[in-house]
Amino acid sequence: MLEFIEQELADLQARGLSRSFKSVENISGTKITINGRKLINFCSNNYLGLADDPQIKAQACAAIQAFGFGAGAARLVSGNTILHDQLEEKLARFKNRAAALTFSTGYLANLGVINTLVNENDTIIIDRLNHASIIDACRLSRAKLQVYEHLNMTSLEKILQRSAKFRQRLIVTDAVFSMDGDIAPLPEIIKLAKAYQAITLVDEAHSTGVLGETGQGIEEYFGLTGQIDIIMGTLSKALGSLGGFIAGSQKLIDYLRNKSRPFIYTTALPPSACAAALAALKLIEEDSCLVRNLKRNTTLLSPQSATPIIPVIIGQADQAVALAEKFFDRGIFLSAIRPPTVPAGSSRLRITVTAAHTKEEIACLASSLQELIPA
Ligand SMILES: Cc1ncc(COP(=O)(O)O)c(C=O)c1O
């Protein structure tokens, strides 16, 4: 029984695709300790450096004192606290929407919204490089999945033209693509969606707290506030907490609260995660330096990059892993990203800059990049 497991694991090993952990012993700002060595972390999604901000830690600790750690039940049983309510109100305001609903993770938010809104009578039209959670949600929904070429609006329009027979057409895109750092062409997507009466769902995992003058996200970046039908986001990246959310009309949120299985049948977010996300949103609103510092640091490392995700494409998986080890030896933590997370032949080092990195840390990475990966 299960003999195939041994064979498949050996196969992954032989192709340089086997996955294992590095265990972090301590995190302090941009520094992490692994095997007793302190390294500069250039591969976290903690874009604003908020995950260990003292004010956020204090709020999370206060929530633990008041509520304990686990919520103890699903939201619709006894797991809903005033912190969940306050967080959803604040998220809705931050995203300029009537209402918001939190999920236990961003992955579940994608599952929870897509799967609930479409079925076998519908089609979902997605960018080829959308996140795995969107693809998994589409598969679960039983809607017909159609894929357009990455950022290619001609390809999207061709699919829209031949999809009139479906009850609903749902266009889904990442706002900022997680492994490439490029930005979805929102103005063109909105235009096409309006022309073909399609619904738009945008995953703002990597744009919330990142894009736009105040970090509101992709709508602020393009000056298109209120134009996306459904916004999905995570609390786990720039907000430094845990959890996902959907923001949209009151009716949409009421519907999801009643119908979305990944929302209903799981334990509520720990109240401390809500408190941390609430504190993060407050800090982002009050301290405009956070978003500005992120942009400044991004430009310092890569003047042409519009987002803090800077991929360095290496090609073969084993080469990417070997290179990551060389950076490790120099005190820089970068993780090699390999298939199936990225397409075959495009294994890479995915560098992420944060607002918390110092000039010296960025200079250290830049000089190591020049020495280890000469142009
Ligand atoms: C684009 C995108 N969507 C969704 C998710 C899932 O979010 P979470 O890690 O909060 O489950 C991620 C991150 O893993 C992501 O990169």
# chains A, B, ... in the order shown; residues from 1 in each chain; ligands from 1

call {"tool": "residues_around", "arguments": {"residues": "Arg257 in chain A", "least_positions_apart": "2", "cutoff": "12 Å", "atoms": "only C-alpha atoms", "output": "JSON, numbers by chain"}}
result
{"A": [74, 75, 76, 99, 100, 101, 102, 103, 109, 112, 113, 116, 245, 246, 250, 251, 252, 253, 254, 255, 259, 260, 261, 262, 263, 264, 265]}

call {"tool": "residues_around", "arguments": {"residues": "Asn80 in chain A", "least_positions_apart": "2", "cutoff": "10 Å", "atoms": "only C-alpha atoms", "output": "number ranges by chain"}}
result
A: 71-78, 82-85, 267-271

call {"tool": "residues_near_ligand", "arguments": {"ligand": "ligand 1", "cutoff": "8 Å", "atoms": "only C-alpha atoms and all ligand atoms", "output": "PyMOL selection string"}}
result
chain A and resi 104-110+130-134+174-179+203-206+233-237+242-244

call {"tool": "residues_around", "arguments": {"residues": "Ala58 in chain A", "least_positions_apart": "4", "cutoff": "10 Å", "atoms": "only C-alpha atoms", "output": "PyMOL selection string"}}
result
chain A and resi 52-54+62-64+272+275-276+279

call {"tool": "residues_around", "arguments": {"residues": "range 17-28 of chain A", "least_positions_apart": "3", "cutoff": "8 Å", "atoms": "only C-alpha atoms", "output": "ChimeraX atom specification"}}
result
/A:9,12-14,31-36,52,317-318,338-339

call {"tool": "select_by_dssp", "arguments": {"residues": "range 65-249 of chain A", "states": "alpha helix (DSSP H)", "output": "number ranges by chain"}}
result
A: 65-67, 82-94, 106-117, 132-141, 153-161, 186-195, 218-222

call {"tool": "decode", "arguments": {"residues": "range 305-367 of chain A", "atoms": "C-alpha atoms", "output": "PDB file, in the first residue's frame"}}
result
ATOM      1  CA  SER A 305      10.199  47.823  -9.603  1.00  0.00           C
ATOM      2  CA  ALA A 306       6.696  49.069  -8.704  1.00  0.00           C
ATOM      3  CA  THR A 307       6.278  46.472  -5.939  1.00  0.00           C
ATOM      4  CA  PRO A 308       8.500  45.020  -3.206  1.00  0.00           C
ATOM      5  CA  ILE A 309       8.494  41.580  -4.866  1.00  0.00           C
ATOM      6  CA  ILE A 310      11.633  41.321  -6.982  1.00  0.00           C
ATOM      7  CA  PRO A 311      12.174  37.960  -8.672  1.00  0.00           C
ATOM      8  CA  VAL A 312      15.628  36.897  -9.849  1.00  0.00           C
ATOM      9  CA  ILE A 313      15.013  34.161 -12.382  1.00  0.00           C
ATOM     10  CA  ILE A 314      17.648  31.419 -12.249  1.00  0.00           C
ATOM     11  CA  GLY A 315      16.117  28.625 -14.369  1.00  0.00           C
ATOM     12  CA  GLN A 316      16.837  25.174 -13.004  1.00  0.00           C
ATOM     13  CA  ALA A 317      15.575  24.219  -9.544  1.00  0.00           C
ATOM     14  CA  ASP A 318      18.892  22.827  -8.222  1.00  0.00           C
ATOM     15  CA  GLN A 319      20.761  25.960  -9.329  1.00  0.00           C
ATOM     16  CA  ALA A 320      18.271  28.187  -7.499  1.00  0.00           C
ATOM     17  CA  VAL A 321      18.655  26.091  -4.331  1.00  0.00           C
ATOM     18  CA  ALA A 322      22.479  26.161  -4.541  1.00  0.00           C
ATOM     19  CA  LEU A 323      22.416  29.934  -4.966  1.00  0.00           C
ATOM     20  CA  ALA A 324      20.108  30.418  -1.980  1.00  0.00           C
ATOM     21  CA  GLU A 325      22.646  28.449   0.083  1.00  0.00           C
ATOM     22  CA  LYS A 326      25.429  30.817  -1.032  1.00  0.00           C
ATOM     23  CA  PHE A 327      23.383  33.806   0.154  1.00  0.00           C
ATOM     24  CA  PHE A 328      22.747  31.943   3.412  1.00  0.00           C
ATOM     25  CA  ASP A 329      26.508  31.580   3.904  1.00  0.00           C
ATOM     26  CA  ARG A 330      26.778  35.373   3.565  1.00  0.00           C
ATOM     27  CA  GLY A 331      24.102  35.980   6.207  1.00  0.00           C
ATOM     28  CA  ILE A 332      21.217  36.686   3.790  1.00  0.00           C
ATOM     29  CA  PHE A 333      18.063  34.575   3.882  1.00  0.00           C
ATOM     30  CA  LEU A 334      16.457  34.091   0.462  1.00  0.00           C
ATOM     31  CA  SER A 335      14.248  31.183  -0.423  1.00  0.00           C
ATOM     32  CA  ALA A 336      14.432  29.327  -3.754  1.00  0.00           C
ATOM     33  CA  ILE A 337      11.002  29.148  -5.405  1.00  0.00           C
ATOM     34  CA  ARG A 338      10.585  26.109  -7.619  1.00  0.00           C
ATOM     35  CA  PRO A 339       7.877  24.292  -9.624  1.00  0.00           C
ATOM     36  CA  PRO A 340       4.992  23.780  -9.185  1.00  0.00           C
ATOM     37  CA  THR A 341       4.877  27.184  -7.425  1.00  0.00           C
ATOM     38  CA  VAL A 342       6.395  28.697 -10.598  1.00  0.00           C
ATOM     39  CA  PRO A 343       6.482  27.271 -14.153  1.00  0.00           C
ATOM     40  CA  ALA A 344       9.192  24.707 -15.012  1.00  0.00           C
ATOM     41  CA  GLY A 345      12.477  26.312 -16.033  1.00  0.00           C
ATOM     42  CA  SER A 346      11.734  29.530 -14.129  1.00  0.00           C
ATOM     43  CA  SER A 347      12.960  28.643 -10.648  1.00  0.00           C
ATOM     44  CA  ARG A 348      13.955  31.811  -8.889  1.00  0.00           C
ATOM     45  CA  LEU A 349      15.031  33.689  -5.837  1.00  0.00           C
ATOM     46  CA  ARG A 350      12.018  35.752  -4.796  1.00  0.00           C
ATOM     47  CA  ILE A 351      13.398  38.808  -3.042  1.00  0.00           C
ATOM     48  CA  THR A 352      11.020  40.854  -0.912  1.00  0.00           C
ATOM     49  CA  VAL A 353      11.978  44.237   0.475  1.00  0.00           C
ATOM     50  CA  THR A 354      10.208  45.620   3.537  1.00  0.00           C
ATOM     51  CA  ALA A 355       9.763  49.050   5.083  1.00  0.00           C
ATOM     52  CA  ALA A 356      11.871  47.854   8.006  1.00  0.00           C
ATOM     53  CA  HIS A 357      15.093  47.066   6.095  1.00  0.00           C
ATOM     54  CA  THR A 358      17.923  49.528   6.653  1.00  0.00           C
ATOM     55  CA  LYS A 359      19.958  51.161   3.878  1.00  0.00           C
ATOM     56  CA  GLU A 360      22.945  49.085   5.001  1.00  0.00           C
ATOM     57  CA  GLU A 361      20.983  45.816   4.775  1.00  0.00           C
ATOM     58  CA  ILE A 362      19.802  46.673   1.279  1.00  0.00           C
ATOM     59  CA  ALA A 363      23.358  47.629   0.239  1.00  0.00           C
ATOM     60  CA  CYS A 364      24.593  44.302   1.624  1.00  0.00           C
ATOM     61  CA  LEU A 365      22.031  42.391  -0.478  1.00  0.00           C
ATOM     62  CA  ALA A 366      22.807  44.471  -3.584  1.00  0.00           C
ATOM     63  CA  SER A 367      26.542  43.785  -3.393  1.00  0.00           C
TER      64      SER A 367
END
